[in-house]
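Source file: run_31.cif. Holds: mmCIF, C-alpha atoms; chains and numbers go by the auth columns.
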data_target
loop_
_atom_site.group_PDB
_atom_site.id
_atom_site.type_symbol
_atom_site.label_atom_id
_atom_site.label_comp_id
_atom_site.label_asym_id
_atom_site.label_seq_id
_atom_site.Cartn_x
_atom_site.Cartn_y
_atom_site.Cartn_z
_atom_site.B_iso_or_equiv
_atom_site.auth_seq_id
_atom_site.auth_asym_id
ATOM 1 C CA MET A 1 -11.117 -5.137 54.416 0.00 96 X
ATOM 2 C CA MET A 2 -7.564 -4.153 55.331 0.00 97 X
ATOM 3 C CA THR A 3 -4.762 -4.233 52.783 0.00 98 X
ATOM 4 C CA THR A 4 -2.000 -6.628 53.837 0.00 99 X
ATOM 5 C CA GLN A 5 0.161 -6.470 50.693 0.00 100 X
ATOM 6 C CA ASP A 6 2.406 -3.426 50.357 0.00 101 X
ATOM 7 C CA ILE A 7 0.462 -0.957 48.215 0.00 102 X
ATOM 8 C CA ILE A 8 3.490 0.596 46.502 0.00 103 X
ATOM 9 C CA ASP A 9 4.861 -2.861 45.629 0.00 104 X
ATOM 10 C CA THR A 10 1.458 -3.786 44.215 0.00 105 X
ATOM 11 C CA LEU A 11 1.087 -0.620 42.117 0.00 106 X
ATOM 12 C CA ALA A 12 4.679 -0.794 40.884 0.00 107 X
ATOM 13 C CA GLY A 13 4.336 -4.495 40.003 0.00 108 X
ATOM 14 C CA ILE A 14 7.194 -5.547 42.307 0.00 109 X
ATOM 15 C CA GLN A 15 7.453 -9.293 42.825 0.00 110 X
ATOM 16 C CA PRO A 16 8.900 -10.812 46.012 0.00 111 X
ATOM 17 C CA GLY A 17 12.553 -11.704 45.502 0.00 112 X
ATOM 18 C CA SER A 18 12.969 -9.390 42.497 0.00 113 X
ATOM 19 C CA ALA A 19 15.769 -6.852 42.104 0.00 114 X
ATOM 20 C CA LEU A 20 13.359 -4.018 42.933 0.00 115 X
ATOM 21 C CA ASP A 21 12.146 -5.879 45.990 0.00 116 X
ATOM 22 C CA ALA A 22 15.768 -6.018 47.164 0.00 117 X
ATOM 23 C CA ILE A 23 16.199 -2.292 46.487 0.00 118 X
ATOM 24 C CA ARG A 24 13.130 -1.443 48.555 0.00 119 X
ATOM 25 C CA ALA A 25 14.263 -3.781 51.327 0.00 120 X
ATOM 26 C CA ARG A 26 17.368 -1.601 51.803 0.00 121 X
ATOM 27 C CA ARG A 27 15.065 1.172 53.047 0.00 122 X
ATOM 28 C CA LEU A 28 12.842 -1.001 55.192 0.00 123 X
ATOM 29 C CA GLN A 29 11.732 1.786 57.536 0.00 124 X
ATOM 30 C CA ALA A 30 10.723 4.029 54.609 0.00 125 X
ATOM 31 C CA ARG A 31 8.861 1.112 53.041 0.00 126 X
ATOM 32 C CA GLU A 32 6.990 0.331 56.256 0.00 127 X
ATOM 33 C CA ASN A 33 6.167 3.977 56.965 0.00 128 X
ATOM 34 C CA ALA A 34 4.743 4.466 53.457 0.00 129 X
ATOM 35 C CA GLN A 35 2.486 1.443 53.975 0.00 130 X
ATOM 36 C CA LYS A 36 1.398 2.686 57.396 0.00 131 X
ATOM 37 C CA SER A 37 0.589 6.082 55.863 0.00 132 X
ATOM 38 C CA TYR A 38 -1.563 4.443 53.199 0.00 133 X
ATOM 39 C CA LEU A 39 -3.452 2.378 55.764 0.00 134 X
ATOM 40 C CA SER A 40 -4.061 5.305 58.113 0.00 135 X
ATOM 41 C CA LEU A 41 -5.268 7.548 55.286 0.00 136 X
ATOM 42 C CA PHE A 42 -7.314 5.114 53.199 0.00 137 X
ATOM 43 C CA GLU A 43 -8.214 2.200 55.485 0.00 138 X
ATOM 44 C CA PRO A 44 -8.500 3.860 58.898 0.00 139 X
ATOM 45 C CA ILE A 45 -10.188 2.143 61.821 0.00 140 X
ATOM 46 C CA ASP A 46 -12.185 5.362 62.299 0.00 141 X
ATOM 47 C CA ALA A 47 -12.602 7.663 59.299 0.00 142 X
ATOM 48 C CA GLY A 48 -13.464 10.572 61.601 0.00 143 X
ATOM 49 C CA ASP A 49 -14.150 13.904 59.894 0.00 144 X
ATOM 50 C CA VAL A 50 -13.245 12.723 56.370 0.00 145 X
ATOM 51 C CA SER A 51 -15.420 9.905 55.021 0.00 146 X
ATOM 52 C CA LEU A 52 -13.978 7.012 53.032 0.00 147 X
ATOM 53 C CA ALA A 53 -15.915 8.246 49.979 0.00 148 X
ATOM 54 C CA GLU A 54 -14.387 11.726 50.327 0.00 149 X
ATOM 55 C CA ARG A 55 -10.911 10.228 50.676 0.00 150 X
ATOM 56 C CA ALA A 56 -11.393 8.045 47.599 0.00 151 X
ATOM 57 C CA ALA A 57 -12.864 10.922 45.571 0.00 152 X
ATOM 58 C CA VAL A 58 -9.960 13.253 46.374 0.00 153 X
ATOM 59 C CA ALA A 59 -7.493 10.442 45.629 0.00 154 X
ATOM 60 C CA ALA A 60 -9.113 9.657 42.268 0.00 155 X
ATOM 61 C CA PHE A 61 -9.010 13.356 41.385 0.00 156 X
ATOM 62 C CA VAL A 62 -5.412 14.010 42.461 0.00 157 X
ATOM 63 C CA THR A 63 -3.959 10.900 40.851 0.00 158 X
ATOM 64 C CA GLY A 64 -6.083 11.436 37.740 0.00 159 X
ATOM 65 C CA LEU A 65 -4.560 14.901 37.345 0.00 160 X
ATOM 66 C CA HIS A 66 -1.162 13.195 37.034 0.00 161 X
ATOM 67 C CA GLY A 67 -2.378 11.247 33.988 0.00 162 X
ATOM 68 C CA GLU A 68 -3.180 7.621 33.274 0.00 163 X
ATOM 69 C CA SER A 69 -1.260 5.250 35.536 0.00 164 X
ATOM 70 C CA PRO A 70 -1.795 2.167 37.700 0.00 165 X
ATOM 71 C CA VAL A 71 -2.090 4.548 40.667 0.00 166 X
ATOM 72 C CA ALA A 72 -4.890 6.546 39.048 0.00 167 X
ATOM 73 C CA THR A 73 -6.682 3.345 38.048 0.00 168 X
ATOM 74 C CA PHE A 74 -6.367 1.958 41.575 0.00 169 X
ATOM 75 C CA TYR A 75 -7.976 4.995 43.214 0.00 170 X
ATOM 76 C CA ARG A 76 -10.641 5.297 40.523 0.00 171 X
ATOM 77 C CA ASP A 77 -11.585 1.668 41.199 0.00 172 X
ATOM 78 C CA LYS A 78 -11.478 2.350 44.939 0.00 173 X
ATOM 79 C CA LEU A 79 -13.945 5.192 44.469 0.00 174 X
ATOM 80 C CA ALA A 80 -16.213 3.099 42.237 0.00 175 X
ATOM 81 C CA ALA A 81 -16.297 0.320 44.863 0.00 176 X
ATOM 82 C CA ASN A 82 -17.409 2.721 47.607 0.00 177 X
ATOM 83 C CA ALA A 83 -21.112 2.860 48.383 0.00 178 X
ATOM 84 C CA ASP A 84 -21.232 6.592 47.586 0.00 179 X
ATOM 85 C CA GLY A 85 -18.553 6.453 44.909 0.00 180 X
ATOM 86 C CA ALA A 86 -20.518 5.393 41.864 0.00 181 X
ATOM 87 C CA ARG A 87 -22.568 8.608 41.876 0.00 182 X
ATOM 88 C CA LEU A 88 -19.393 10.702 42.238 0.00 183 X
ATOM 89 C CA LEU A 89 -17.363 9.003 39.522 0.00 184 X
ATOM 90 C CA GLU A 90 -18.815 10.834 36.527 0.00 185 X
ATOM 91 C CA ALA A 91 -18.316 14.224 38.169 0.00 186 X
ATOM 92 C CA ILE A 92 -14.760 13.355 39.253 0.00 187 X
ATOM 93 C CA ASP A 93 -13.872 12.226 35.717 0.00 188 X
ATOM 94 C CA ALA A 94 -15.270 15.464 34.283 0.00 189 X
ATOM 95 C CA GLU A 95 -13.282 17.538 36.775 0.00 190 X
ATOM 96 C CA ILE A 96 -10.055 15.649 36.065 0.00 191 X
ATOM 97 C CA ALA A 97 -10.471 16.511 32.378 0.00 192 X
ATOM 98 C CA ARG A 98 -11.097 20.175 33.245 0.00 193 X
ATOM 99 C CA GLY A 99 -8.263 20.370 35.757 0.00 194 X
ATOM 100 C CA ARG A 100 -5.408 18.743 33.851 0.00 195 X
ATOM 101 C CA THR A 101 -2.515 21.117 33.300 0.00 196 X
ATOM 102 C CA SER A 102 1.221 21.306 33.942 0.00 197 X
ATOM 103 C CA GLY A 103 3.046 22.959 36.776 0.00 198 X
ATOM 104 C CA PRO A 104 4.072 23.995 39.258 0.00 199 X
ATOM 105 C CA TYR A 105 3.186 27.622 38.684 0.00 200 X
ATOM 106 C CA GLY A 106 2.146 30.662 40.666 0.00 201 X
ATOM 107 C CA SER A 107 3.716 33.806 42.065 0.00 202 X
ATOM 108 C CA TYR A 108 6.395 34.448 44.677 0.00 203 X
ATOM 109 C CA PRO A 109 6.454 37.528 46.921 0.00 204 X
ATOM 110 C CA ALA A 110 8.239 40.471 45.312 0.00 205 X
ATOM 111 C CA GLY A 111 11.969 39.772 45.298 0.00 206 X
ATOM 112 C CA PRO A 112 14.639 37.757 43.502 0.00 207 X
ATOM 113 C CA LEU A 113 12.401 34.703 43.040 0.00 208 X
ATOM 114 C CA SER A 114 9.773 36.751 41.192 0.00 209 X
ATOM 115 C CA ILE A 115 11.619 35.981 37.959 0.00 210 X
ATOM 116 C CA GLU A 116 10.259 32.442 38.315 0.00 211 X
ATOM 117 C CA ASN A 117 6.607 33.564 38.478 0.00 212 X
ATOM 118 C CA THR A 118 4.550 31.496 36.060 0.00 213 X
ATOM 119 C CA ALA A 119 0.917 31.998 35.108 0.00 214 X
ATOM 120 C CA GLY A 120 -1.325 28.947 34.877 0.00 215 X
ATOM 121 C CA LEU A 121 -4.806 27.550 35.306 0.00 216 X
ATOM 122 C CA ILE A 122 -6.743 28.710 38.357 0.00 217 X
ATOM 123 C CA TYR A 123 -9.074 25.751 38.645 0.00 218 X
ATOM 124 C CA ARG A 124 -12.656 25.956 39.811 0.00 219 X
ATOM 125 C CA VAL A 125 -15.190 23.121 39.874 0.00 220 X
ATOM 126 C CA SER A 126 -17.728 23.468 37.080 0.00 221 X
ATOM 127 C CA PRO A 127 -21.317 24.427 38.003 0.00 222 X
ATOM 128 C CA ALA A 128 -22.472 21.197 36.338 0.00 223 X
ATOM 129 C CA SER A 129 -20.472 19.046 38.778 0.00 224 X
ATOM 130 C CA LYS A 130 -21.311 20.907 41.980 0.00 225 X
ATOM 131 C CA PRO A 131 -24.706 19.237 42.634 0.00 226 X
ATOM 132 C CA ALA A 132 -23.144 15.754 42.499 0.00 227 X
ATOM 133 C CA LEU A 133 -20.062 16.692 44.513 0.00 228 X
ATOM 134 C CA GLY A 134 -21.640 18.949 47.122 0.00 229 X
ATOM 135 C CA ALA A 135 -20.021 22.053 48.604 0.00 230 X
ATOM 136 C CA LYS A 136 -17.544 20.205 50.831 0.00 231 X
ATOM 137 C CA LEU A 137 -16.071 17.958 48.147 0.00 232 X
ATOM 138 C CA ALA A 138 -16.082 20.743 45.527 0.00 233 X
ATOM 139 C CA ALA A 139 -13.987 22.899 47.865 0.00 234 X
ATOM 140 C CA ALA A 140 -11.668 19.946 48.468 0.00 235 X
ATOM 141 C CA LEU A 141 -11.025 19.438 44.751 0.00 236 X
ATOM 142 C CA GLU A 142 -10.239 23.117 44.251 0.00 237 X
ATOM 143 C CA HIS A 143 -7.833 23.091 47.190 0.00 238 X
ATOM 144 C CA ALA A 144 -6.207 19.833 46.057 0.00 239 X
ATOM 145 C CA HIS A 145 -5.603 21.344 42.619 0.00 240 X
ATOM 146 C CA LEU A 146 -4.005 24.359 44.308 0.00 241 X
ATOM 147 C CA LEU A 147 -1.685 22.123 46.349 0.00 242 X
ATOM 148 C CA VAL A 148 -0.679 20.046 43.318 0.00 243 X
ATOM 149 C CA PHE A 149 -0.108 22.833 40.785 0.00 244 X
ATOM 150 C CA ARG A 150 0.102 26.169 42.646 0.00 245 X
ATOM 151 C CA PRO A 151 1.492 25.436 46.133 0.00 246 X
ATOM 152 C CA ARG A 152 3.319 28.774 46.289 0.00 247 X
ATOM 153 C CA ASP A 153 -0.039 30.582 45.962 0.00 248 X
ATOM 154 C CA ALA A 154 -1.643 28.889 48.983 0.00 249 X
ATOM 155 C CA ALA A 155 -2.886 31.461 51.499 0.00 250 X
ATOM 156 C CA ALA A 156 -5.055 31.779 54.601 0.00 251 X
ATOM 157 C CA ALA A 157 -8.083 32.587 52.448 0.00 252 X
ATOM 158 C CA ASP A 158 -7.846 29.121 50.895 0.00 253 X
ATOM 159 C CA MET A 159 -8.110 27.498 54.324 0.00 254 X
ATOM 160 C CA LYS A 160 -11.098 29.697 55.105 0.00 255 X
ATOM 161 C CA ALA A 161 -12.803 28.465 51.935 0.00 256 X
ATOM 162 C CA LEU A 162 -12.470 24.890 53.208 0.00 257 X
ATOM 163 C CA LEU A 163 -13.826 25.822 56.638 0.00 258 X
ATOM 164 C CA ASP A 164 -16.728 27.709 55.037 0.00 259 X
ATOM 165 C CA ALA A 165 -17.552 24.624 52.949 0.00 260 X
ATOM 166 C CA GLY A 166 -17.879 22.452 56.057 0.00 261 X
ATOM 167 C CA TRP A 167 -14.385 21.083 56.613 0.00 262 X
ATOM 168 C CA SER A 168 -13.231 20.861 60.226 0.00 263 X
ATOM 169 C CA THR A 169 -9.690 21.796 61.234 0.00 264 X
ATOM 170 C CA THR A 170 -8.934 18.120 61.845 0.00 265 X
ATOM 171 C CA GLY A 171 -10.437 17.238 58.473 0.00 266 X
ATOM 172 C CA ILE A 172 -8.234 19.804 56.724 0.00 267 X
ATOM 173 C CA VAL A 173 -5.133 18.293 58.320 0.00 268 X
ATOM 174 C CA THR A 174 -6.159 14.795 57.188 0.00 269 X
ATOM 175 C CA PHE A 175 -7.007 16.079 53.725 0.00 270 X
ATOM 176 C CA SER A 176 -3.634 17.856 53.400 0.00 271 X
ATOM 177 C CA GLN A 177 -1.770 14.728 54.516 0.00 272 X
ATOM 178 C CA LEU A 178 -3.711 12.719 51.962 0.00 273 X
ATOM 179 C CA VAL A 179 -2.785 15.017 49.048 0.00 274 X
ATOM 180 C CA ALA A 180 0.880 15.062 50.112 0.00 275 X
ATOM 181 C CA PHE A 181 0.953 11.262 50.372 0.00 276 X
ATOM 182 C CA LEU A 182 -0.621 10.822 46.941 0.00 277 X
ATOM 183 C CA SER A 183 1.934 13.120 45.295 0.00 278 X
ATOM 184 C CA PHE A 184 4.696 11.069 46.945 0.00 279 X
ATOM 185 C CA GLN A 185 3.098 7.755 45.991 0.00 280 X
ATOM 186 C CA VAL A 186 2.599 8.682 42.328 0.00 281 X
ATOM 187 C CA ARG A 187 6.256 9.671 41.994 0.00 282 X
ATOM 188 C CA VAL A 188 7.627 6.619 43.806 0.00 283 X
ATOM 189 C CA VAL A 189 5.536 4.196 41.769 0.00 284 X
ATOM 190 C CA SER A 190 6.465 5.966 38.528 0.00 285 X
ATOM 191 C CA GLY A 191 10.163 5.827 39.428 0.00 286 X
ATOM 192 C CA LEU A 192 10.027 2.158 40.374 0.00 287 X
ATOM 193 C CA ARG A 193 8.180 1.231 37.191 0.00 288 X
ATOM 194 C CA THR A 194 10.770 3.146 35.167 0.00 289 X
ATOM 195 C CA LEU A 195 13.554 1.187 36.908 0.00 290 X
ATOM 196 C CA ALA A 196 11.733 -2.067 36.233 0.00 291 X
ATOM 197 C CA ALA A 197 11.405 -1.230 32.540 0.00 292 X
ATOM 198 C CA ALA A 198 15.081 -0.293 32.332 0.00 293 X
ATOM 199 C CA ASN A 199 16.143 -3.546 34.015 0.00 294 X
ATOM 200 C CA ALA A 200 13.907 -5.542 31.670 0.00 295 X
#
Representation of the structure as structure tokens:
Amino acid sequence: MMTTQDIIDTLAGIQPGSALDAIRARRLQARENAQKSYLSLFEPIDAGDVSLAERAAVAAFVTGLHGESPVATFYRDKLAANADGARLLEAIDAEIARGRTSGPYGSYPAGPLSIENTAGLIYRVSPASKPALGAKLAAALEHAHLLVFRPRDAAAADMKALLDAGWSTTGIVTFSQLVAFLSFQVRVVSGLRTLAAANA
């Protein structure tokens, strides 16, 4: 079933005719493009190389890493409602708990930016979760964690790990777009909810 209501408005609790609704209406193209991105990534006509369950699992993981929020709850519920999601939920919850940290961190190439190098968690899926997740989804969670917390460390070897786990090139592009969209969505919803609280 396709979503007709704007997903960011829904998650931010924006009511039609409210002050925040008026603020978002000033950037109508950005509002529409964000909704189109959500629909193409999470309610596509053809899921192609990345199943709806895989999309929901990655989304639940990425948003869960950001902490409790309406966004995290939404994607957790989306995963639970998927035919394959119920069996994945326990493993995803366990991996969120293992993967939570703060960032960004990582290392820059030798040079003036090296002073900003910061050590942090190098996340790997636990052996206990791998049977439930499977090789493809386990690799996806590890790569998503890298993109969220250690983007400066991303290298060609990380892409190879996804390919070796069964991801297609097209699937990797979709997956990367999905993680980028989620990071954007979490921040926009958080900002809008902060504005709403301040106005209240």
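When all atoms listed in the file are used to compute distances to Ile187 (chain X), the closest of the residues X:Tyr203, X:Phe156, X:Tyr170, X:Trp262 turns out to be X:Phe156.
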Just so the selection is clear, what residues does the PyMOL selection byres ((chain X and resi 273) around 9) cover here, as a PyMOL selection string?
chain X and resi 132-133+136-137+150+153-154+268-272+274-278
CA of Ala230 (chain X) and CA of Leu183 (chain X) are how many Å apart?
13.0 Å
Mind pulling up the distance from CA of Ala178 (chain X) to CA of Arg195 (chain X)?
26.6 Å
Of the residues X:Leu123, X:Ala142, X:Ala176, X:Ala192, which is the one nearest to Val157 (chain X), using only C-alpha atoms?
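Going through X:Leu123, X:Ala142, X:Ala176, X:Ala192 one by one, the smallest distance to Val157 (chain X) is for X:Ala192.
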Ranking X:Leu115, X:Ala120, X:Ile103, X:Ala251 by minimum distance to Asn294 (chain X) and counting only C-alpha atoms, which one comes first?
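Looking only at the distances to Asn294 (chain X), the closest residue turns out to be X:Leu115.
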With 8 Å added on each side, what axis-aligned box encloses every listed atom of region 278-284 of chain X? Give the centre and edge lengths in Å to one decimal, as JSON.
{"center_x": 4.8, "center_y": 8.7, "center_z": 44.4, "size_x": 21.7, "size_y": 24.9, "size_z": 21.2}
Taking the file above as input, evaluate the PyMOL selection byres ((chain X and resi 235-248) around 7) and report the hits as a list in words.
Val153, Val157, Gly198, Pro199, Tyr200, Gly201, Ser202, Tyr203, Tyr218, Arg219, Val220, Lys231, Leu232, Ala233, Ala234, Ala249, Ala250, Leu257 and Val274 of chain X
Output file for the residues above (C-alpha atoms, as a PDB file, keeping the file's coordinate frame):
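Generated file (out_6.pdb):
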ATOM      1  CA  VAL X 153      -9.960  13.253  46.374  1.00  0.00           C
ATOM      2  CA  VAL X 157      -5.412  14.010  42.461  1.00  0.00           C
ATOM      3  CA  GLY X 198       3.046  22.959  36.776  1.00  0.00           C
ATOM      4  CA  PRO X 199       4.072  23.995  39.258  1.00  0.00           C
ATOM      5  CA  TYR X 200       3.186  27.622  38.684  1.00  0.00           C
ATOM      6  CA  GLY X 201       2.146  30.662  40.666  1.00  0.00           C
ATOM      7  CA  SER X 202       3.716  33.806  42.065  1.00  0.00           C
ATOM      8  CA  TYR X 203       6.395  34.448  44.677  1.00  0.00           C
ATOM      9  CA  TYR X 218      -9.074  25.751  38.645  1.00  0.00           C
ATOM     10  CA  ARG X 219     -12.656  25.956  39.811  1.00  0.00           C
ATOM     11  CA  VAL X 220     -15.190  23.121  39.874  1.00  0.00           C
ATOM     12  CA  LYS X 231     -17.544  20.205  50.831  1.00  0.00           C
ATOM     13  CA  LEU X 232     -16.071  17.958  48.147  1.00  0.00           C
ATOM     14  CA  ALA X 233     -16.082  20.743  45.527  1.00  0.00           C
ATOM     15  CA  ALA X 234     -13.987  22.899  47.865  1.00  0.00           C
ATOM     16  CA  ALA X 249      -1.643  28.889  48.983  1.00  0.00           C
ATOM     17  CA  ALA X 250      -2.886  31.461  51.499  1.00  0.00           C
ATOM     18  CA  LEU X 257     -12.470  24.890  53.208  1.00  0.00           C
ATOM     19  CA  VAL X 274      -2.785  15.017  49.048  1.00  0.00           C
TER      20      VAL X 274
END
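Evaluated against this file, the PyMOL selection byres ((chain X and resi 100) around 12) yields X:Met96, X:Met97, X:Thr98, X:Thr99, X:Asp101, X:Ile102, X:Ile103, X:Asp104, X:Thr105, X:Leu106, X:Gly108, X:Ile109, X:Gln110, X:Pro111, X:Arg126, X:Glu127, X:Gln130, X:Lys131, X:Tyr133, X:Leu134.
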X:Pro204, X:Pro226, X:Gly266, X:Pro165 ranked by distance to Arg282 (chain X), top pick (using all atoms listed in the file):
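Among X:Pro204, X:Pro226, X:Gly266, X:Pro165, it is X:Pro165 that comes nearest to Arg282 (chain X).
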Top pick for closest residue to Arg171 (chain X), considering X:Ile217, X:Ala151, X:Asp116, X:Ala186 and counting all atoms listed in the file
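Ranking X:Ile217, X:Ala151, X:Asp116, X:Ala186 by distance to Arg171 (chain X), first place goes to X:Ala151.
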Would you compute the distance between CA of Ala155 (chain X) and CA of Met254 (chain X)? Give it in Å to one decimal.
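Value for the CA of Ala155 (chain X)-CA of Met254 (chain X) distance: 21.6 Å.
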Would you please work out which residue, of X:Ala189, X:Gly194, X:Arg119, X:Gly112, is nearest to Leu290 (chain X) when using all atoms listed in the file?
X:Arg119
Please complete region 223-238 of chain X so it has N, CA, C and O atoms, and hand it over as a tab-separated table (two decimals), in the coordinates of the input.
chain	number	residue	atom	x	y	z
X	223	ALA	N	-21.78	22.44	36.65
X	223	ALA	CA	-22.47	21.20	36.34
X	223	ALA	C	-22.12	20.08	37.32
X	223	ALA	O	-22.93	19.19	37.58
X	224	SER	N	-20.91	20.11	37.86
X	224	SER	CA	-20.47	19.05	38.78
X	224	SER	C	-20.83	19.32	40.23
X	224	SER	O	-20.85	18.39	41.05
X	225	LYS	N	-21.10	20.56	40.57
X	225	LYS	CA	-21.31	20.91	41.98
X	225	LYS	C	-22.47	20.16	42.64
X	225	LYS	O	-22.36	19.76	43.80
X	226	PRO	N	-23.62	19.96	41.96
X	226	PRO	CA	-24.71	19.24	42.63
X	226	PRO	C	-24.31	17.81	43.04
X	226	PRO	O	-24.67	17.36	44.12
X	227	ALA	N	-23.55	17.13	42.18
X	227	ALA	CA	-23.14	15.75	42.50
X	227	ALA	C	-22.08	15.73	43.59
X	227	ALA	O	-22.09	14.86	44.47
X	228	LEU	N	-21.17	16.68	43.56
X	228	LEU	CA	-20.06	16.69	44.51
X	228	LEU	C	-20.46	17.24	45.87
X	228	LEU	O	-19.99	16.77	46.91
X	229	GLY	N	-21.32	18.25	45.89
X	229	GLY	CA	-21.64	18.95	47.12
X	229	GLY	C	-20.57	19.99	47.43
X	229	GLY	O	-19.46	19.94	46.91
X	230	ALA	N	-20.91	20.93	48.31
X	230	ALA	CA	-20.02	22.05	48.60
X	230	ALA	C	-18.70	21.60	49.22
X	230	ALA	O	-17.63	22.12	48.89
X	231	LYS	N	-18.76	20.63	50.12
X	231	LYS	CA	-17.54	20.20	50.83
X	231	LYS	C	-16.52	19.57	49.89
X	231	LYS	O	-15.34	19.93	49.90
X	232	LEU	N	-16.99	18.64	49.06
X	232	LEU	CA	-16.07	17.96	48.15
X	232	LEU	C	-15.61	18.89	47.02
X	232	LEU	O	-14.45	18.82	46.58
X	233	ALA	N	-16.48	19.77	46.55
X	233	ALA	CA	-16.08	20.74	45.53
X	233	ALA	C	-14.94	21.62	46.04
X	233	ALA	O	-13.95	21.86	45.34
X	234	ALA	N	-15.06	22.09	47.27
X	234	ALA	CA	-13.99	22.90	47.86
X	234	ALA	C	-12.71	22.09	48.00
X	234	ALA	O	-11.60	22.60	47.79
X	235	ALA	N	-12.84	20.81	48.33
X	235	ALA	CA	-11.67	19.95	48.47
X	235	ALA	C	-10.94	19.79	47.15
X	235	ALA	O	-9.70	19.83	47.10
X	236	LEU	N	-11.67	19.60	46.06
X	236	LEU	CA	-11.02	19.44	44.75
X	236	LEU	C	-10.29	20.71	44.35
X	236	LEU	O	-9.16	20.65	43.83
X	237	GLU	N	-10.90	21.85	44.59
X	237	GLU	CA	-10.24	23.12	44.25
X	237	GLU	C	-8.97	23.30	45.06
X	237	GLU	O	-7.93	23.73	44.54
X	238	HIS	N	-9.02	22.94	46.34
X	238	HIS	CA	-7.83	23.09	47.19
X	238	HIS	C	-6.76	22.07	46.81
X	238	HIS	O	-5.57	22.39	46.82
